[in-house]
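The structure appears below as structure tokens.
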Amino acid sequence: MPSDKADATTTTTATAATATDKQQRCYILELPGELLEYILGLVHSDDTGIGGVRTHLTRRLALFKKNVLPVCHRFHDVGLKALYSHVHIGHPRAFDVFRYELRRNPALGPAVRCLDFSDFTSVGLGRTRRMNREIQMVTATTITDALSQTPNLREFLVSESVEDDIGKSVLDTLFALPYLEAIDFCGASSSTFTHSFSTVQLTIPLSNLTRVSLHECVSLPPSVFEKLLPQVDNLRRLDLSHTQVSGAALDAIPHTARLTHLSLAKCRSLAGKDILKFLTAHPAIVAGDQLRWLSLQWTDVSAEQLTSLLRDLPSSVMHLNLYGLPVEDSHLSLLPSGLEELSLGYADLEPDTIIDHFGTPKRPNLHYLDLTGNPHMNVWTIGDMRLLRSCSDVRTWEFDAQQVLAKMADAYIPGYTIVLGQGRRGWIFKGHSALDGAHNCSYTASPHSTATYYPTASAPSCCQHVLGMDMGNSDAWAGASRKIDCSGEEYGGGLERGIYLYYAYRTK
């Protein structure tokens, strides 16, 4: 009997130990490395935050580094590759650390898919010897060295903050990368950058390059575009806002390109006839009916040319920016039926005309309408609610920030929230504010509701100010951007950061 009790005790102990082992066993660590890397990659790229509000890039990368990598050695080793898929450089020291890690662990270089300088700043540097030494961390030589160690790079996103460091060696190395899909040189216009781009030689086909942004690269001569654009035969997104692109360069875009996003905003070198010819006859636009995003803001298009253009515009267009063009009543009936976002800045259109064409339920898909600079839009035409109430499908309105919305900061508009941007733009959002943590101002307005003005001290907090980089729910800002996002969904971080935020949401 004693032996039976001992055997039973031993069996019970072994069973308990086995159960404990099963409870402590972490099955995810037993997965193959490729599968675990894929899972952590999904965690790394997930931008869904609390309450469905988007977590922006810098915050998301910081959370991944803080909460995932320290879990265990395997999570760290595998997650490091996911973290290095999008390398976000915010200051010179960060780039120096990145290059050090590449030298220390050469396996990280091939894992880099996106090199992102969009948030980079050296403001305040260069005033002391120590700061001068720090700023040397980011030079044409060091950027070239980093590119040479990242052979699988897909996206190269830079801005005017590093324009003096984009030398010929950088561009030669960049355009030699075999998998390059996206380039963005937003705002770069220095003499160094211009000279480098003018002398670079394109030695290999750029068939993988599908997204190109030279937004606000005002100093690049037409010859640069005439050299670059013919090489991009699979082009999908093209942002040439405020550049010297010529009609010849547009005509030289390969017929195999299928543009889904195009911005020719402020391209003063383009004649109206060149724009009309390209948009109505070039296969990159007319073949496949894939164009969804088009900006012609402040271009040299006449009223007659606009009529011809709208008649032949692909029905697929969902975002259309006609800011500063001579839009007349007759043009409104020619607009694509599926429009979701429309800018009619400085169009001389009466409120009744707008209601006739955009009133509910005539355009149920239209969610954003820009009426900045309209001479008939003032605090009274907006405050009486007739326009907002008649076009109830529109969720986001844009009006002149200083002349109209700033004067309505003390107004309570039932069911709407006024948002004043940090730059020169302002919006009225239907329902609650688009900002994180903002006061919920979602109310049901009666058919005869009008805006109510309060003394400043007693005004409800329904006027918000965009003061920082985090703009909250990005879905609420869809359509308000003046810039094309050339960062891919897999590696990119949207436009709500760095210099992209300025050009996308703060300038008119």
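Following the order of the structure tokens, chains are lettered A, B, ..., residues in each are numbered from 1, and ligands are numbered from 1.
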Give me the residues near Arg363 (chain A) as a CSV table (one decimal) with C-alpha atoms, in the first residue's frame, where near means some atom within 12 Å (using only C-alpha atoms) and where sequence neighbours in that chain fewer than 3 positions away do not count.
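This is the output file selection.csv:
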```csv
chain,number,residue,atom,x,y,z
A,318,MET,CA,-13.6,60.9,-57.1
A,332,LEU,CA,-21.4,71.9,-62.3
A,333,SER,CA,-23.7,69.7,-64.3
A,335,LEU,CA,-18.9,67.1,-63.0
A,336,PRO,CA,-18.4,63.3,-62.7
A,337,SER,CA,-21.3,61.7,-60.9
A,338,GLY,CA,-19.2,59.7,-58.4
A,339,LEU,CA,-17.3,62.7,-57.0
A,340,GLU,CA,-16.6,62.4,-53.3
A,341,GLU,CA,-14.3,65.4,-52.8
A,342,LEU,CA,-14.6,68.7,-54.7
A,354,ILE,CA,-24.7,75.3,-55.0
A,355,ILE,CA,-27.8,74.0,-53.3
A,356,ASP,CA,-29.4,73.3,-56.7
A,357,HIS,CA,-26.4,71.1,-57.8
A,358,PHE,CA,-25.2,69.6,-54.5
A,359,GLY,CA,-28.3,69.6,-52.4
A,360,THR,CA,-29.4,66.2,-50.9
A,366,LEU,CA,-20.0,64.1,-52.1
A,367,HIS,CA,-18.6,64.3,-48.6
A,368,TYR,CA,-16.1,67.2,-48.9
A,369,LEU,CA,-16.8,70.6,-50.5
A,390,SER,CA,-29.7,71.6,-47.7
A,391,CYS,CA,-26.4,69.8,-48.6
A,392,SER,CA,-26.6,67.4,-45.7
A,393,ASP,CA,-24.5,64.6,-47.4
A,394,VAL,CA,-21.5,66.9,-47.2
```
Just list the residues in region 315-399 of chain A DSSP gives helix (DSSP H, G or I) on the backbone, as a tab-separated table (two decimals) with N, CA and C atoms, in the first residue's frame.
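Result file follows (selection.tsv):
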```
chain	number	residue	atom	x	y	z
A	329	ASP	N	-21.72	78.25	-63.56
A	329	ASP	CA	-22.88	77.41	-63.26
A	329	ASP	C	-22.98	76.23	-64.22
A	330	SER	N	-22.68	76.46	-65.48
A	330	SER	CA	-22.84	75.41	-66.49
A	330	SER	C	-21.87	74.25	-66.29
A	331	HIS	N	-20.76	74.50	-65.58
A	331	HIS	CA	-19.77	73.44	-65.38
A	331	HIS	C	-20.23	72.41	-64.35
A	332	LEU	N	-21.08	72.83	-63.43
A	332	LEU	CA	-21.43	71.95	-62.32
A	332	LEU	C	-22.19	70.70	-62.77
A	351	PRO	N	-25.13	80.84	-53.40
A	351	PRO	CA	-25.56	79.74	-52.53
A	351	PRO	C	-26.69	78.91	-53.13
A	352	ASP	N	-27.64	79.57	-53.79
A	352	ASP	CA	-28.75	78.84	-54.40
A	352	ASP	C	-28.27	77.91	-55.51
A	353	THR	N	-27.25	78.35	-56.26
A	353	THR	CA	-26.68	77.51	-57.31
A	353	THR	C	-26.03	76.28	-56.71
A	354	ILE	N	-25.32	76.47	-55.63
A	354	ILE	CA	-24.66	75.34	-54.97
A	354	ILE	C	-25.69	74.35	-54.44
A	355	ILE	N	-26.75	74.88	-53.86
A	355	ILE	CA	-27.81	74.01	-53.33
A	355	ILE	C	-28.50	73.26	-54.46
A	356	ASP	N	-28.72	73.93	-55.60
A	356	ASP	CA	-29.39	73.29	-56.73
A	356	ASP	C	-28.60	72.09	-57.25
A	357	HIS	N	-27.27	72.19	-57.22
A	357	HIS	CA	-26.44	71.13	-57.80
A	357	HIS	C	-25.94	70.10	-56.79
A	358	PHE	N	-25.80	70.51	-55.53
A	358	PHE	CA	-25.21	69.60	-54.54
A	358	PHE	C	-26.14	69.29	-53.37
A	379	VAL	N	-20.20	84.98	-42.72
A	379	VAL	CA	-20.71	84.44	-41.45
A	379	VAL	C	-22.23	84.32	-41.47
A	380	TRP	N	-22.90	85.13	-42.29
A	380	TRP	CA	-24.37	85.10	-42.30
A	380	TRP	C	-24.89	83.98	-43.19
A	381	THR	N	-24.31	83.79	-44.38
A	381	THR	CA	-24.78	82.72	-45.27
A	381	THR	C	-24.50	81.34	-44.68
A	382	ILE	N	-23.44	81.23	-43.89
A	382	ILE	CA	-23.14	79.96	-43.23
A	382	ILE	C	-23.96	79.82	-41.95
A	383	GLY	N	-24.07	80.91	-41.21
A	383	GLY	CA	-24.75	80.87	-39.92
A	383	GLY	C	-26.22	80.58	-39.98
A	386	ARG	N	-28.92	77.29	-43.86
A	386	ARG	CA	-29.66	76.81	-45.04
A	386	ARG	C	-28.76	76.01	-45.96
A	387	LEU	N	-27.53	76.51	-46.18
A	387	LEU	CA	-26.60	75.81	-47.05
A	387	LEU	C	-26.18	74.48	-46.45
A	388	LEU	N	-25.80	74.48	-45.17
A	388	LEU	CA	-25.36	73.25	-44.52
A	388	LEU	C	-26.49	72.23	-44.45
A	389	ARG	N	-27.69	72.73	-44.16
A	389	ARG	CA	-28.83	71.83	-44.02
A	389	ARG	C	-29.27	71.26	-45.36
A	390	SER	N	-29.21	72.05	-46.42
A	390	SER	CA	-29.67	71.59	-47.74
A	390	SER	C	-28.72	70.55	-48.33
```
So that I can see what lies close to Leu405 (chain A), please list as a short mmCIF file (atom, residue, chain, number, x, y, z; two decimals) with C-alpha atoms, in the first residue's frame the residues with an atom at most 9 Å from it, counting only C-alpha atoms and leaving out residues fewer than 5 positions away in the same chain.
```
data_model
loop_
_atom_site.label_atom_id
_atom_site.label_comp_id
_atom_site.auth_asym_id
_atom_site.auth_seq_id
_atom_site.Cartn_x
_atom_site.Cartn_y
_atom_site.Cartn_z
CA ASN A 378 -19.71 84.91 -45.10
CA VAL A 379 -20.71 84.44 -41.45
CA PHE A 399 -14.25 78.07 -46.01
CA ASP A 400 -11.84 80.95 -45.72
CA ILE A 418 -15.48 74.54 -36.56
CA VAL A 419 -11.81 73.59 -36.88
CA LEU A 420 -9.16 76.24 -37.49
CA GLY A 426 -10.26 76.10 -41.80
CA TRP A 427 -13.10 73.61 -41.91
CA ILE A 428 -16.57 72.87 -40.60
#
```
Kindly give the distance, in Å, that separates CA of Ser219 (chain A) and CA of Gly187 (chain A), rounded to a single decimal.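 Separation of CA of Ser219 (chain A) and CA of Gly187 (chain A): 9.8 Å.
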Between A:Leu291, A:Leu250, A:Ala480, A:Val162, which one has atoms that come closest to Leu270 (chain A), using only C-alpha atoms? A:Leu250
Write out as a PyMOL selection string the residues lying within 12 Å of Ser191 (chain A), counting only C-alpha atoms and excluding same-chain residues fewer than 2 positions away. chain A and resi 160+163-168+188-189+193-198+217-221
Saved selection, atoms kept: C-alpha atoms, as a PDB file, in the first residue's frame:
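Written file, again27.pdb:
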```
ATOM      1  CA  GLU A 160      13.310  70.365 -48.273  1.00  0.00           C
ATOM      2  CA  GLU A 163      17.696  69.329 -49.998  1.00  0.00           C
ATOM      3  CA  ASP A 164      21.338  70.433 -49.683  1.00  0.00           C
ATOM      4  CA  ASP A 165      22.364  66.834 -49.021  1.00  0.00           C
ATOM      5  CA  ILE A 166      20.769  65.339 -52.138  1.00  0.00           C
ATOM      6  CA  GLY A 167      23.895  65.221 -54.262  1.00  0.00           C
ATOM      7  CA  LYS A 168      24.527  63.487 -57.566  1.00  0.00           C
ATOM      8  CA  ALA A 188      13.344  70.575 -52.410  1.00  0.00           C
ATOM      9  CA  SER A 189      14.569  73.481 -54.512  1.00  0.00           C
ATOM     10  CA  PHE A 193      19.469  69.523 -55.462  1.00  0.00           C
ATOM     11  CA  THR A 194      18.666  71.184 -58.789  1.00  0.00           C
ATOM     12  CA  HIS A 195      22.183  70.707 -60.167  1.00  0.00           C
ATOM     13  CA  SER A 196      22.265  67.074 -59.022  1.00  0.00           C
ATOM     14  CA  PHE A 197      18.941  66.245 -60.657  1.00  0.00           C
ATOM     15  CA  SER A 198      19.952  68.041 -63.848  1.00  0.00           C
ATOM     16  CA  CYS A 217      10.327  71.516 -56.490  1.00  0.00           C
ATOM     17  CA  VAL A 218      10.047  74.916 -58.141  1.00  0.00           C
ATOM     18  CA  SER A 219      13.656  75.250 -59.318  1.00  0.00           C
ATOM     19  CA  LEU A 220      13.895  72.094 -61.421  1.00  0.00           C
ATOM     20  CA  PRO A 221      14.124  73.015 -65.133  1.00  0.00           C
TER      21      PRO A 221
END
```
Compare A:Thr507, A:Lys362, A:Lys483, A:Thr210 by their minimum atom-to-atom distance to Ser263 (chain A), counting only C-alpha atoms, and give me the closest one.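 The answer is A:Lys483, which sits nearest to Ser263 (chain A).
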Enumerate as number ranges by chain all residues of region 341-398 of chain A assigned to strand (DSSP E or B) by DSSP on the backbone, naming them with the chain letters and numbers the document uses. A: 341-343, 368-370, 396-398
Contact residues around Ser213 (chain A) with only C-alpha atoms at 9 Å, ignoring same-chain residues under 5 positions, as a list in words: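 The residues that qualify are Ala182, Ile183, Asp184, Phe185, Cys186, Arg237, Leu238, Asp239, Leu240, Ser241, Ile484, Asp485 and Cys486 of chain A.
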Gap from CA of Leu202 (chain A) to CA of Pro151 (chain A) - Å, one decimal: 17.2 Å
Take CA of Leu313 (chain A) and CA of Arg292 (chain A) and report the distance between them in Å, one decimal.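 These two atoms are separated by 10.5 Å.
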Neighbour list for Arg154 (chain A) as a VMD selection string, cut-off 8 Å, only C-alpha atoms, skip fewer than 5 positions in-chain: chain A and resid 113 to 114 179 to 182
Write a file of the selected residues as a short mmCIF file (atom, residue, chain, number, x, y, z; two decimals), in the first residue's frame, keeping C-alpha atoms.
```cif
data_model
loop_
_atom_site.label_atom_id
_atom_site.label_comp_id
_atom_site.auth_asym_id
_atom_site.auth_seq_id
_atom_site.Cartn_x
_atom_site.Cartn_y
_atom_site.Cartn_z
CA ARG A 113 11.94 48.96 -47.44
CA CYS A 114 11.30 52.66 -46.72
CA TYR A 179 13.11 47.56 -56.55
CA LEU A 180 12.47 51.29 -56.12
CA GLU A 181 8.72 52.02 -56.17
CA ALA A 182 8.31 55.55 -54.78
#
```
Mind checking which residues fall within 9 Å of Leu235 (chain A), counting only C-alpha atoms, ignoring those fewer than 3 positions away in the same chain, and posting them as a PyMOL selection string? chain A and resi 207-212+229+232+238+253-254+256-260+284
With N, CA and C atoms retained, could you export that selection as a short mmCIF file (atom, residue, chain, number, x, y, z; two decimals), in the first residue's frame?
```cif
data_model
loop_
_atom_site.label_atom_id
_atom_site.label_comp_id
_atom_site.auth_asym_id
_atom_site.auth_seq_id
_atom_site.Cartn_x
_atom_site.Cartn_y
_atom_site.Cartn_z
N SER A 207 11.06 50.65 -64.27
CA SER A 207 9.78 49.99 -64.45
C SER A 207 9.04 49.77 -63.14
N ASN A 208 9.78 49.65 -62.02
CA ASN A 208 9.14 49.44 -60.73
C ASN A 208 8.67 50.74 -60.09
N LEU A 209 9.13 51.85 -60.60
CA LEU A 209 8.78 53.15 -60.00
C LEU A 209 7.36 53.53 -60.40
N THR A 210 6.46 53.52 -59.42
CA THR A 210 5.05 53.79 -59.70
C THR A 210 4.55 55.09 -59.08
N ARG A 211 5.29 55.65 -58.11
CA ARG A 211 4.86 56.86 -57.42
C ARG A 211 5.98 57.88 -57.42
N VAL A 212 5.72 59.05 -57.99
CA VAL A 212 6.73 60.10 -58.12
C VAL A 212 6.13 61.42 -57.63
N LEU A 229 10.38 61.54 -66.79
CA LEU A 229 9.04 60.97 -67.02
C LEU A 229 9.00 59.91 -68.12
N VAL A 232 9.50 56.22 -66.76
CA VAL A 232 8.61 55.63 -65.75
C VAL A 232 7.39 55.03 -66.44
N LEU A 238 1.44 60.71 -59.65
CA LEU A 238 2.38 61.74 -60.11
C LEU A 238 1.97 63.09 -59.53
N ILE A 253 5.29 60.88 -71.24
CA ILE A 253 4.96 59.79 -70.30
C ILE A 253 4.57 58.56 -71.11
N PRO A 254 5.17 57.41 -70.82
CA PRO A 254 4.88 56.20 -71.60
C PRO A 254 3.39 55.87 -71.64
N THR A 256 2.14 53.12 -71.50
CA THR A 256 1.83 51.99 -70.61
C THR A 256 1.48 52.44 -69.20
N ALA A 257 1.75 53.71 -68.89
CA ALA A 257 1.41 54.24 -67.56
C ALA A 257 -0.10 54.32 -67.41
N ARG A 258 -0.58 54.13 -66.17
CA ARG A 258 -2.01 54.23 -65.87
C ARG A 258 -2.16 55.08 -64.61
N LEU A 259 -2.34 56.38 -64.80
CA LEU A 259 -2.37 57.30 -63.67
C LEU A 259 -3.67 57.18 -62.88
N THR A 260 -3.53 57.00 -61.57
CA THR A 260 -4.67 57.03 -60.67
C THR A 260 -4.72 58.35 -59.90
N ALA A 284 -2.30 57.34 -70.76
CA ALA A 284 -2.09 57.22 -69.32
C ALA A 284 -3.31 57.68 -68.53
#
```
Which residue, A:Leu206, A:Leu80, A:Leu174, A:Val200, has the smallest gap to Ser223 (chain A) when you use only C-alpha atoms?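 Checking each candidate against Ser223 (chain A), we get A:Val200 as the closest.
With only C-alpha atoms as the atoms that count, the residue of A:Cys267, A:Ala249, A:Val78, A:Val404 with the shortest distance to Glu37 (chain A) is A:Val78.
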